[in-house]
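Input: a single structure, listed below in structure tokens.
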Amino acid sequence: MAEVRQVPLSLITPHPKLATRLKLEVGSLAALIKRSVGEDVPNGQVEPGRVVPREDGGGYYVYIGVRRFCALKSICEETGDERFAVFNAYIDSGSSLLSLFLRVRSENEEGKGERVGLSVLEKILGLYKIRGSIPPEKLDDELRRELAVAEKLDEKRIMKLFEVETAAHFGYRLEHLERLRLIEDAEEFFKSAACTAGFSLPPEGVEKAVDGRDAANTLRWFGRVFPEYAKERQKRPSTGLQTSIQQQLGAGEHDEGEPDTNVRGGGSLEIHEKAVIMVPCPACGVENMVQTRLEAEVTRLSGDPNGPSMTAIPGVVLGCGVECYRCAKRFYVFIKPLGGRSYAVEVSHSARFREPRKVVEAVDIRFDFQKGTWQKLAGAKVIGVVRARARARN
């Protein structure tokens, strides 16, 4: 059985070909490590990582547990405490790059605790870095599809797509990237990718994004991410482009001076996200949109096969750390399902458990692309907008 070793941080660097994280936030993990310090775990690192010896004999590459390594390094630099100057790890050797990469994916397939799963772009970036060391016959169908995308995109394009994801609060799916990779021209590629993310188009809508790609100039963040392609920001797309994007989304036109209350002609508003819970950031007050997909029920079966059963909703409380999309500060949300669309909610700066008490109703929402706001819906009516600005300070 492999033995966990304590490897000095000074001998470790992230593996250059297996460092797939596009964003490495370690603040909350560092806090957790500090709280976990004990007699059995002097450095607070409960879960060991994995390293491989460098070919030049000059130390080790960490390929699993990179966040843990960076968190320990951050604590050590901050405190100067030598307890945090070592990394608990298994030392592996003799494995191919593909084997190591697949292990990385397997370890991060499901986020557990402070472990964060890999995004589609991070998986693509990982394959791009090791593309020259991959025997295609050893890949399953999904990996072959991802490799085909990775071979078409270079690292610069992947990094730019991550900037787009961040700006648009969007996540590309593999099907999006399979369509976008067919675009050779860089400007056409990035404008189409920006429209896809900015207008939250499904994969089958990428062709519409390509046709209406100049609408990218209407996105508030486009000029910041792509100054080389941005024109003076238009208030709205030209009629043809606007119609193309709206038809894809099913969104109706409305005048900006008109109150957004009903859909013209008695139709229904297009719902972009369903059953969303609004949680205010305790730092800036901006409403963050959260969805929970846990549906928990407990059913007591009757002893009589023909007798009645009884179903109830258990007192489950979900707790998770989130990063405010406006001020980027991390806070914690505690949510308790009450049945239907009702939830008890509590937010806090601390990860310490708090019993949710404030009762809220989940709502359906849509994005008004002309006004650049998320709208709360009740049937065919807009009942409010999501508060997207920080509250005024006294």
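Chain labels run A, B, ... following the order of the structure tokens; each chain numbers its residues from 1, and ligands are numbered from 1 in the order shown.
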Enumerate, as a tab-separated table (two decimals) with N, CA and C atoms, in the first residue's frame, the complete set of residues in stretch 8-117 of chain A that a backbone-based DSSP assignment places in helix (DSSP H, G or I).
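Contents of the output file selection.tsv:
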```tsv
chain	number	residue	atom	x	y	z
A	9	LEU	N	7.19	22.05	0.50
A	9	LEU	CA	6.58	22.87	-0.56
A	9	LEU	C	7.63	23.41	-1.52
A	10	SER	N	8.82	23.66	-1.01
A	10	SER	CA	9.88	24.24	-1.84
A	10	SER	C	10.32	23.30	-2.96
A	11	LEU	N	9.98	22.02	-2.85
A	11	LEU	CA	10.36	21.06	-3.89
A	11	LEU	C	9.25	20.78	-4.89
A	27	GLY	N	-9.03	30.89	-1.12
A	27	GLY	CA	-9.29	31.56	0.16
A	27	GLY	C	-10.07	30.70	1.14
A	28	SER	N	-11.20	30.14	0.69
A	28	SER	CA	-12.03	29.34	1.59
A	28	SER	C	-11.34	28.04	1.97
A	29	LEU	N	-10.57	27.46	1.04
A	29	LEU	CA	-9.86	26.22	1.34
A	29	LEU	C	-8.74	26.49	2.36
A	30	ALA	N	-8.07	27.62	2.24
A	30	ALA	CA	-7.03	27.96	3.21
A	30	ALA	C	-7.62	28.10	4.61
A	31	ALA	N	-8.81	28.72	4.68
A	31	ALA	CA	-9.48	28.87	5.98
A	31	ALA	C	-9.83	27.50	6.56
A	32	LEU	N	-10.30	26.58	5.70
A	32	LEU	CA	-10.66	25.24	6.15
A	32	LEU	C	-9.42	24.49	6.65
A	33	ILE	N	-8.30	24.62	5.95
A	33	ILE	CA	-7.06	23.96	6.36
A	33	ILE	C	-6.62	24.46	7.73
A	34	LYS	N	-6.70	25.77	7.94
A	34	LYS	CA	-6.32	26.33	9.25
A	34	LYS	C	-7.18	25.74	10.36
A	35	ARG	N	-8.48	25.59	10.10
A	35	ARG	CA	-9.39	25.06	11.11
A	35	ARG	C	-9.15	23.57	11.37
A	66	VAL	N	-3.82	20.44	-6.44
A	66	VAL	CA	-3.13	21.71	-6.73
A	66	VAL	C	-3.69	22.84	-5.86
A	67	ARG	N	-5.02	22.85	-5.66
A	67	ARG	CA	-5.61	23.88	-4.79
A	67	ARG	C	-5.11	23.73	-3.36
A	68	ARG	N	-5.01	22.48	-2.88
A	68	ARG	CA	-4.50	22.26	-1.53
A	68	ARG	C	-3.05	22.75	-1.42
A	69	PHE	N	-2.25	22.45	-2.44
A	69	PHE	CA	-0.86	22.91	-2.46
A	69	PHE	C	-0.79	24.44	-2.42
A	70	CYS	N	-1.58	25.10	-3.27
A	70	CYS	CA	-1.56	26.57	-3.33
A	70	CYS	C	-2.08	27.18	-2.04
A	71	ALA	N	-3.08	26.53	-1.42
A	71	ALA	CA	-3.61	27.04	-0.16
A	71	ALA	C	-2.56	26.96	0.94
A	72	LEU	N	-1.85	25.82	1.02
A	72	LEU	CA	-0.79	25.68	2.01
A	72	LEU	C	0.33	26.69	1.78
A	73	LYS	N	0.68	26.89	0.53
A	73	LYS	CA	1.73	27.85	0.19
A	73	LYS	C	1.32	29.26	0.61
A	74	SER	N	0.04	29.58	0.38
A	74	SER	CA	-0.48	30.89	0.76
A	74	SER	C	-0.43	31.08	2.27
A	75	ILE	N	-0.83	30.05	3.02
A	75	ILE	CA	-0.82	30.13	4.49
A	75	ILE	C	0.61	30.27	5.00
A	76	CYS	N	1.51	29.48	4.43
A	76	CYS	CA	2.90	29.51	4.86
A	76	CYS	C	3.52	30.88	4.62
A	77	GLU	N	3.25	31.47	3.46
A	77	GLU	CA	3.78	32.79	3.14
A	77	GLU	C	3.17	33.86	4.05
A	78	GLU	N	1.89	33.66	4.38
A	78	GLU	CA	1.19	34.65	5.22
A	78	GLU	C	1.66	34.59	6.67
A	79	THR	N	1.82	33.38	7.20
A	79	THR	CA	2.09	33.22	8.63
A	79	THR	C	3.55	32.94	8.96
A	82	GLU	N	6.05	27.04	9.95
A	82	GLU	CA	6.66	25.92	9.25
A	82	GLU	C	5.77	24.68	9.21
A	83	ARG	N	4.73	24.64	10.03
A	83	ARG	CA	3.82	23.49	9.97
A	83	ARG	C	3.16	23.38	8.59
A	84	PHE	N	2.99	24.54	7.95
A	84	PHE	CA	2.31	24.56	6.66
A	84	PHE	C	3.29	24.48	5.49
A	97	LEU	N	1.23	10.28	-19.35
A	97	LEU	CA	0.52	11.55	-19.18
A	97	LEU	C	-0.99	11.34	-19.28
A	98	LEU	N	-1.42	10.49	-20.19
A	98	LEU	CA	-2.84	10.23	-20.34
A	98	LEU	C	-3.41	9.61	-19.07
A	99	SER	N	-2.70	8.66	-18.49
A	99	SER	CA	-3.17	8.02	-17.25
A	99	SER	C	-3.29	9.05	-16.13
A	100	LEU	N	-2.28	9.92	-16.03
A	100	LEU	CA	-2.33	10.95	-15.00
A	100	LEU	C	-3.50	11.90	-15.24
A	101	PHE	N	-3.70	12.29	-16.50
A	101	PHE	CA	-4.78	13.20	-16.84
A	101	PHE	C	-6.14	12.58	-16.51
A	102	LEU	N	-6.32	11.31	-16.84
A	102	LEU	CA	-7.59	10.65	-16.54
A	102	LEU	C	-7.82	10.53	-15.04
A	103	ARG	N	-6.75	10.38	-14.29
A	103	ARG	CA	-6.89	10.34	-12.83
A	103	ARG	C	-7.32	11.71	-12.31
A	104	VAL	N	-6.73	12.77	-12.87
A	104	VAL	CA	-7.14	14.13	-12.50
A	104	VAL	C	-8.63	14.32	-12.75
A	105	ARG	N	-9.09	13.91	-13.92
A	105	ARG	CA	-10.51	14.06	-14.25
A	105	ARG	C	-11.38	13.27	-13.30
A	106	SER	N	-10.97	12.05	-13.02
A	106	SER	CA	-11.75	11.19	-12.13
A	106	SER	C	-11.84	11.79	-10.74
A	107	GLU	N	-10.74	12.32	-10.24
A	107	GLU	CA	-10.73	12.92	-8.90
A	107	GLU	C	-11.65	14.12	-8.81
A	108	ASN	N	-11.78	14.86	-9.93
A	108	ASN	CA	-12.54	16.11	-9.91
A	108	ASN	C	-13.88	16.02	-10.61
```
### Task
Fewer than 6 positions away in the same chain doesn't count, so skip those; otherwise give me all residues within 12 Å of A:Glu55, counting only C-alpha atoms, as a list in words.
His15, Tyr61, Ser93 and Gly94 of chain A
Restricting the output to all heavy atoms, write the selected residues as an mmCIF file, in the first residue's frame.
```
data_model
loop_
_atom_site.group_PDB
_atom_site.id
_atom_site.type_symbol
_atom_site.label_atom_id
_atom_site.label_comp_id
_atom_site.auth_asym_id
_atom_site.auth_seq_id
_atom_site.Cartn_x
_atom_site.Cartn_y
_atom_site.Cartn_z
ATOM 1 N N HIS A 15 2.159 20.637 -12.064
ATOM 2 C CA HIS A 15 2.563 19.963 -13.300
ATOM 3 C C HIS A 15 2.210 20.848 -14.495
ATOM 4 O O HIS A 15 1.048 21.222 -14.674
ATOM 5 C CB HIS A 15 1.841 18.626 -13.417
ATOM 6 C CG HIS A 15 2.493 17.672 -14.373
ATOM 7 N ND1 HIS A 15 2.661 17.970 -15.711
ATOM 8 C CD2 HIS A 15 3.028 16.439 -14.190
ATOM 9 C CE1 HIS A 15 3.258 16.954 -16.312
ATOM 10 N NE2 HIS A 15 3.496 16.016 -15.417
ATOM 11 N N TYR A 61 6.302 17.356 -9.334
ATOM 12 C CA TYR A 61 5.157 18.055 -9.902
ATOM 13 C C TYR A 61 3.904 17.574 -9.176
ATOM 14 O O TYR A 61 3.660 16.365 -9.091
ATOM 15 C CB TYR A 61 4.999 17.742 -11.389
ATOM 16 C CG TYR A 61 6.017 18.387 -12.296
ATOM 17 C CD1 TYR A 61 6.638 17.647 -13.301
ATOM 18 C CD2 TYR A 61 6.339 19.738 -12.175
ATOM 19 C CE1 TYR A 61 7.567 18.231 -14.162
ATOM 20 C CE2 TYR A 61 7.267 20.327 -13.030
ATOM 21 C CZ TYR A 61 7.870 19.571 -14.010
ATOM 22 O OH TYR A 61 8.778 20.157 -14.847
ATOM 23 N N SER A 93 4.875 7.167 -9.889
ATOM 24 C CA SER A 93 5.887 7.140 -10.951
ATOM 25 C C SER A 93 5.499 6.074 -11.968
ATOM 26 O O SER A 93 4.722 5.161 -11.667
ATOM 27 C CB SER A 93 7.277 6.831 -10.371
ATOM 28 O OG SER A 93 7.280 5.578 -9.715
ATOM 29 N N GLY A 94 6.029 6.230 -13.174
ATOM 30 C CA GLY A 94 5.821 5.220 -14.204
ATOM 31 C C GLY A 94 4.499 5.294 -14.933
ATOM 32 O O GLY A 94 4.180 4.406 -15.715
#
```
## Note on the structure
If you count only C-alpha atoms, the residue of A:Val37, A:Val279, A:Ala378, A:Cys284 closest to A:Tyr343 turns out to be A:Val279
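Reported to one decimal place, the separation of atom CA of A:Lys138 from atom CA of A:Glu151 is 16.6 Å.
The space separating atom CA of A:Phe334 from atom CA of A:Ala283 comes to 16.1 Å.
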### Task
Output as a PyMOL selection string all residues of stretch 22-122 of chain A that backbone DSSP marks as strand (DSSP E).
chain A and resi 49-53+60-64+86-91
How would the residues just picked look written out with C-alpha atoms as a PDB file, in the first residue's frame?
```pdb
ATOM      1  CA  GLY A  49      -2.532  15.004  -2.940  1.00  0.00           C
ATOM      2  CA  ARG A  50      -0.485  13.203  -5.570  1.00  0.00           C
ATOM      3  CA  VAL A  51       2.888  14.154  -7.050  1.00  0.00           C
ATOM      4  CA  VAL A  52       5.289  12.722  -9.608  1.00  0.00           C
ATOM      5  CA  PRO A  53       9.089  13.128  -9.650  1.00  0.00           C
ATOM      6  CA  TYR A  60       8.153  17.024  -7.836  1.00  0.00           C
ATOM      7  CA  TYR A  61       5.157  18.055  -9.902  1.00  0.00           C
ATOM      8  CA  VAL A  62       1.806  18.121  -8.096  1.00  0.00           C
ATOM      9  CA  TYR A  63      -1.024  17.006 -10.359  1.00  0.00           C
ATOM     10  CA  ILE A  64      -3.795  16.164  -7.875  1.00  0.00           C
ATOM     11  CA  VAL A  86       4.922  20.582   3.768  1.00  0.00           C
ATOM     12  CA  PHE A  87       2.453  18.915   1.441  1.00  0.00           C
ATOM     13  CA  ASN A  88       0.967  15.516   2.275  1.00  0.00           C
ATOM     14  CA  ALA A  89       1.091  13.435  -0.901  1.00  0.00           C
ATOM     15  CA  TYR A  90       1.411  10.051  -2.532  1.00  0.00           C
ATOM     16  CA  ILE A  91       4.433   9.864  -4.834  1.00  0.00           C
TER      17      ILE A  91
END
```
### Task
For A:Pro280, work out the shell of residues within 9 Å, counting only C-alpha atoms and skipping chain neighbours fewer than 5 positions away, then give it as an NGL selection string.
:A and (285-289 or 324 or 347 or 387)
Only N, CA, C and O atoms, please: the residues just picked out, written as a PDB file, in the first residue's frame.
```pdb
ATOM      1  N   GLY A 285     -24.974  43.450  -1.023  1.00  0.00           N
ATOM      2  CA  GLY A 285     -26.426  43.515  -1.145  1.00  0.00           C
ATOM      3  C   GLY A 285     -26.985  43.099  -2.483  1.00  0.00           C
ATOM      4  O   GLY A 285     -28.199  43.014  -2.648  1.00  0.00           O
ATOM      5  N   VAL A 286     -26.123  42.833  -3.459  1.00  0.00           N
ATOM      6  CA  VAL A 286     -26.603  42.417  -4.771  1.00  0.00           C
ATOM      7  C   VAL A 286     -27.281  41.047  -4.678  1.00  0.00           C
ATOM      8  O   VAL A 286     -26.812  40.164  -3.957  1.00  0.00           O
ATOM      9  N   GLU A 287     -28.380  40.885  -5.392  1.00  0.00           N
ATOM     10  CA  GLU A 287     -29.086  39.608  -5.398  1.00  0.00           C
ATOM     11  C   GLU A 287     -28.349  38.610  -6.296  1.00  0.00           C
ATOM     12  O   GLU A 287     -28.175  38.861  -7.487  1.00  0.00           O
ATOM     13  N   ASN A 288     -27.936  37.515  -5.711  1.00  0.00           N
ATOM     14  CA  ASN A 288     -27.332  36.427  -6.475  1.00  0.00           C
ATOM     15  C   ASN A 288     -28.395  35.374  -6.732  1.00  0.00           C
ATOM     16  O   ASN A 288     -29.216  35.080  -5.858  1.00  0.00           O
ATOM     17  N   MET A 289     -28.379  34.815  -7.940  1.00  0.00           N
ATOM     18  CA  MET A 289     -29.411  33.866  -8.357  1.00  0.00           C
ATOM     19  C   MET A 289     -28.926  32.441  -8.138  1.00  0.00           C
ATOM     20  O   MET A 289     -27.878  32.055  -8.647  1.00  0.00           O
ATOM     21  N   CYS A 324     -19.960  36.080  -4.873  1.00  0.00           N
ATOM     22  CA  CYS A 324     -20.872  37.095  -5.407  1.00  0.00           C
ATOM     23  C   CYS A 324     -20.430  37.496  -6.809  1.00  0.00           C
ATOM     24  O   CYS A 324     -19.257  37.805  -7.034  1.00  0.00           O
ATOM     25  N   VAL A 347     -28.061  33.762   4.787  1.00  0.00           N
ATOM     26  CA  VAL A 347     -26.739  34.026   4.210  1.00  0.00           C
ATOM     27  C   VAL A 347     -25.812  34.518   5.304  1.00  0.00           C
ATOM     28  O   VAL A 347     -26.245  35.127   6.279  1.00  0.00           O
ATOM     29  N   ARG A 387     -31.949  42.765  -8.316  1.00  0.00           N
ATOM     30  CA  ARG A 387     -31.100  43.871  -7.887  1.00  0.00           C
ATOM     31  C   ARG A 387     -29.658  43.549  -8.220  1.00  0.00           C
ATOM     32  O   ARG A 387     -29.043  42.648  -7.645  1.00  0.00           O
TER      33      ARG A 387
END
```
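Closest approach to A:Lys329 among A:Pro282, A:Thr373, A:His176, A:Glu355 is made by A:Pro282 (distances from only C-alpha atoms).
Note that atom CA of A:Ala193 and atom CA of A:Ala209 are 7.5 Å apart.
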